[in-house]
Amino acid sequence: MAGIYIHIPFCVKKCPYCDFTSYVTRAEDFGVYTEAVSAEALLRCGDVKELEFDTIYIGGGTPSLFPAGLVARILETIKYNFNFSKSWSKLEISIEANPDSLTPDWLETVRRLGVNRLSIGGQDFSKKGLEFLERPHSVQDTIETISIARDAGFESISLDLMFGIPGQSVSDLEKTLETACSCLCQHISCYELTVEPGTMLALRVESGDVIMPSEDLLSEMTDLAEAYLESQGLKQYEISNFALEGHECRHNLNYWANGQYVGLGCSAVSYIHGIRSRNTPSLADYVRMASEGQSAATFSESLDELAMLRETVVLGLRTNRGVSVSGLVERFGMDIKEFYGDRLKRLVQAGFMIEHGDRISLSRKGRRIANSVLSELV
């Protein structure tokens with residue numbers, strides 16, 4: 001299994017909490033960026049002829065700002081130059097979108113292109129939450145967008161939600177979860193708002209203008225989100241992701257399995273044959289380099305077998321299924337119980353991890369402090 005990621009870096013404005021590579025919309029950049037991504041795809045496809053791809057994910061930024069005709073141009077280049085494990089209609093092809101930039105025509109067009117999974121950045125279902133996050137849409141916009149997407153033929157719709165927003169109460173979160181589930185989405189990503197260095201939110205926190213929620217409150221919100229979503233039939237399959245059976249994001253499952261993927265676009269990351277590379281985050285440099293037929297990668301590292309094993313364990317433990325001991329032996333020729341030894345035993349004995357048959361996973365207690373637990377295994 002392998003995936004293709006396409007980064008569309010354009011947004012109406014920069015959200016105060018976002019540290020992804022994005023640029024305020026300039027429509028004149030759309031065409032040249034499309035041609036640059038198509039050129040990079042043609043350059044990269046020769047390096048991965050032996051791979052068969054299963055998923056395509058168009059992320060951002062705000063891909064729904066991109067004209068559907070340009071999405072078609074990129075997908076057409078990929079369709080006819082990469083190898084796929086199944087027919088185009090059977091692939092998982094996802095695109096991210098924001099409620100304020102979606103139209104029925106755009107949705108119907110991208111659905112006809114083969115895009116069959118929509119990820120909507122709703123983030124919250126309260127006016128005060130959306131105002132704090134400086135989102136350019138309303139609660140009603142999100143609700144109507146989901147309905148329009150369903151009418152356009154999308155049978156797999158994912159909704160992004162945040163919790164831990166300053167000023168948000170447990171009751172507020174419960175109302176957001178109730179509204180979200182009433183929209184009947186097949187997948188919900190529910191994650192804690194984190195303060196990323198260099199963002200406007202980080203500056204406001206550092207100045208004392210914003211006070212983030214306490215750990216106790218965050219823990220209570222996490223418990224609520226997991227219990228409520230599970231009660232609605234959305235099974236948790238990764239720390240922040242919940243889905244109806246059969247609607248798990250296959251593209252992200254490949255990431256968490258430390259599978260291979262090609263990243264196209266500025267700042268996109270690729271992981272092929274044990275080599276991780278990242279494209280330049282500069283829009284101008286990316287367009288120039290890709291258009292001239294050069295590699296746009298400005299960072300590259302080669303991982304040895306031990307590094308790949310560690311990453312596979314740490315990523316796999318983010319999922320509720322955890323990792324297979326025998327599967328890792330087959331893939332790397334190493335038994336992680338022997339490799340980690342006392343460290344692994346200590347985490348199991350402390351109740352942060354669970355052994356169940358051939359598999360090892362984080363416990364509920366371990367998921368609450370996942371970053372700390374997983375840092376023990378890096």
# chains A, B, ... in the order shown; residues from 1 in each chain; ligands from 1
call {"tool": "residues_around", "arguments": {"residues": "Gly246 of chain A", "least_positions_apart": "2", "cutoff": "10 Å", "atoms": "only C-alpha atoms", "output": "PyMOL selection string"}}
result
chain A and resi 156+186-187+243-244+248-250
call {"tool": "residues_around", "arguments": {"residues": "Ser295 of chain A", "least_positions_apart": "5", "cutoff": "8 Å", "atoms": "only C-alpha atoms", "output": "list of chain:residue names"}}
result
A:Glu40, A:Leu43, A:Met289, A:Ala290
call {"tool": "write_last_selection", "arguments": {"atoms": "C-alpha atoms", "output": "JSON list (two decimals), in the first residue's frame"}}
result
[["chain", "number", "residue", "atom", "x", "y", "z"],
["A", 40, "GLU", "CA", 6.67, 17.50, -10.37],
["A", 43, "LEU", "CA", 9.33, 13.99, -12.64],
["A", 289, "MET", "CA", 12.21, 24.41, -9.34],
["A", 290, "ALA", "CA", 9.34, 22.17, -10.40]]
call {"tool": "residues_around", "arguments": {"residues": "segment 260-263 of chain A", "least_positions_apart": "2", "cutoff": "8 Å", "atoms": "only C-alpha atoms", "output": "list of chain:residue names"}}
result
A:Met1, A:Ala2, A:Gly3, A:Ile4, A:Tyr5, A:Ile6, A:His7, A:Asn254, A:Tyr255, A:Asn258, A:Gly265, A:Ala268, A:Val269, A:Ser270, A:Tyr271, A:Ile272, A:His273
call {"tool": "residues_around", "arguments": {"residues": "Val37 of chain A", "least_positions_apart": "3", "cutoff": "12 Å", "atoms": "only C-alpha atoms", "output": "PyMOL selection string"}}
result
chain A and resi 5-9+30-34+40-44+58+70-71+73-78+263-268+279+283+286-296
call {"tool": "select_by_dssp", "arguments": {"residues": "segment 42-204 of chain A", "states": "strand (DSSP E or B)", "output": "ChimeraX atom specification"}}
result
/A:53,55-60,84,92-97,117-123,157-163,187-192
call {"tool": "closest_residue", "arguments": {"among": "A:Val205, A:Leu113, A:Ile93, A:Ala36", "to": "Asp285 of chain A", "atoms": "only C-alpha atoms"}}
result
A:Ala36
call {"tool": "closest_residue", "arguments": {"among": "A:Gly46, A:Gly351, A:Gly59, A:Gly114", "to": "Arg368 of chain A", "atoms": "only C-alpha atoms"}}
result
A:Gly351
call {"tool": "residues_around", "arguments": {"residues": "Cys183 of chain A", "least_positions_apart": "2", "cutoff": "9 Å", "atoms": "only C-alpha atoms", "output": "ChimeraX atom specification"}}
result
/A:143,146-147,178-181,185
call {"tool": "closest_residue", "arguments": {"among": "A:Val139, A:Val325, A:Leu173, A:Leu315", "to": "Val378 of chain A", "atoms": "only C-alpha atoms"}}
result
A:Leu315
call {"tool": "residues_around", "arguments": {"residues": "Val323 of chain A", "least_positions_apart": "4", "cutoff": "7 Å", "atoms": "only C-alpha atoms", "output": "mmCIF file with N, CA and C atoms, in the first residue's frame"}}
result
data_model
loop_
_atom_site.group_PDB
_atom_site.id
_atom_site.type_symbol
_atom_site.label_atom_id
_atom_site.label_comp_id
_atom_site.auth_asym_id
_atom_site.auth_seq_id
_atom_site.Cartn_x
_atom_site.Cartn_y
_atom_site.Cartn_z
ATOM 1 N N VAL A 313 7.012 1.467 14.972
ATOM 2 C CA VAL A 313 6.419 1.178 16.277
ATOM 3 C C VAL A 313 5.685 2.407 16.809
ATOM 4 N N GLY A 316 2.617 3.213 14.649
ATOM 5 C CA GLY A 316 1.594 2.181 14.788
ATOM 6 C C GLY A 316 0.879 2.223 16.119
ATOM 7 N N LEU A 317 1.579 2.652 17.149
ATOM 8 C CA LEU A 317 0.971 2.722 18.476
ATOM 9 C C LEU A 317 -0.029 3.875 18.602
ATOM 10 N N ARG A 359 -0.329 -8.627 19.621
ATOM 11 C CA ARG A 359 -0.315 -7.182 19.440
ATOM 12 C C ARG A 359 0.007 -6.443 20.738
ATOM 13 N N ILE A 360 0.593 -5.259 20.560
ATOM 14 C CA ILE A 360 0.879 -4.347 21.673
ATOM 15 C C ILE A 360 0.267 -3.000 21.319
ATOM 16 N N SER A 361 -0.463 -2.402 22.261
ATOM 17 C CA SER A 361 -1.103 -1.118 21.993
ATOM 18 C C SER A 361 -1.044 -0.237 23.230
#
call {"tool": "atom_distance", "arguments": {"atom1": "atom CA of Tyr57 of chain A", "atom2": "atom CA of Gly233 of chain A"}}
result
25.0 Å
call {"tool": "residues_around", "arguments": {"residues": "Glu230 of chain A", "least_positions_apart": "2", "cutoff": "12 Å", "atoms": "only C-alpha atoms", "output": "PyMOL selection string"}}
result
chain A and resi 177+181+187-188+223-228+232-237+241-245
call {"tool": "closest_residue", "arguments": {"among": "A:Asp151, A:Glu192, A:Glu92, A:Asp141", "to": "Pro166 of chain A", "atoms": "only C-alpha atoms"}}
result
A:Glu192
call {"tool": "atom_distance", "arguments": {"atom1": "atom CA of Ile157 of chain A", "atom2": "atom CA of Asp100 of chain A"}}
result
16.5 Å
call {"tool": "closest_residue", "arguments": {"among": "A:Val110, A:Thr199, A:Thr280, A:Leu91", "to": "Cys18 of chain A", "atoms": "only C-alpha atoms"}}
result
A:Thr199
call {"tool": "closest_residue", "arguments": {"among": "A:Asn320, A:Ile275, A:Val24, A:Met200", "to": "Glu301 of chain A", "atoms": "only C-alpha atoms"}}
result
A:Ile275
call {"tool": "select_by_dssp", "arguments": {"residues": "segment 26-182 of chain A", "states": "helix (DSSP H, G or I)", "output": "PyMOL selection string"}}
result
chain A and resi 28-48+63-65+68-79+88-90+99-101+104-112+127-133+139-151+170-182
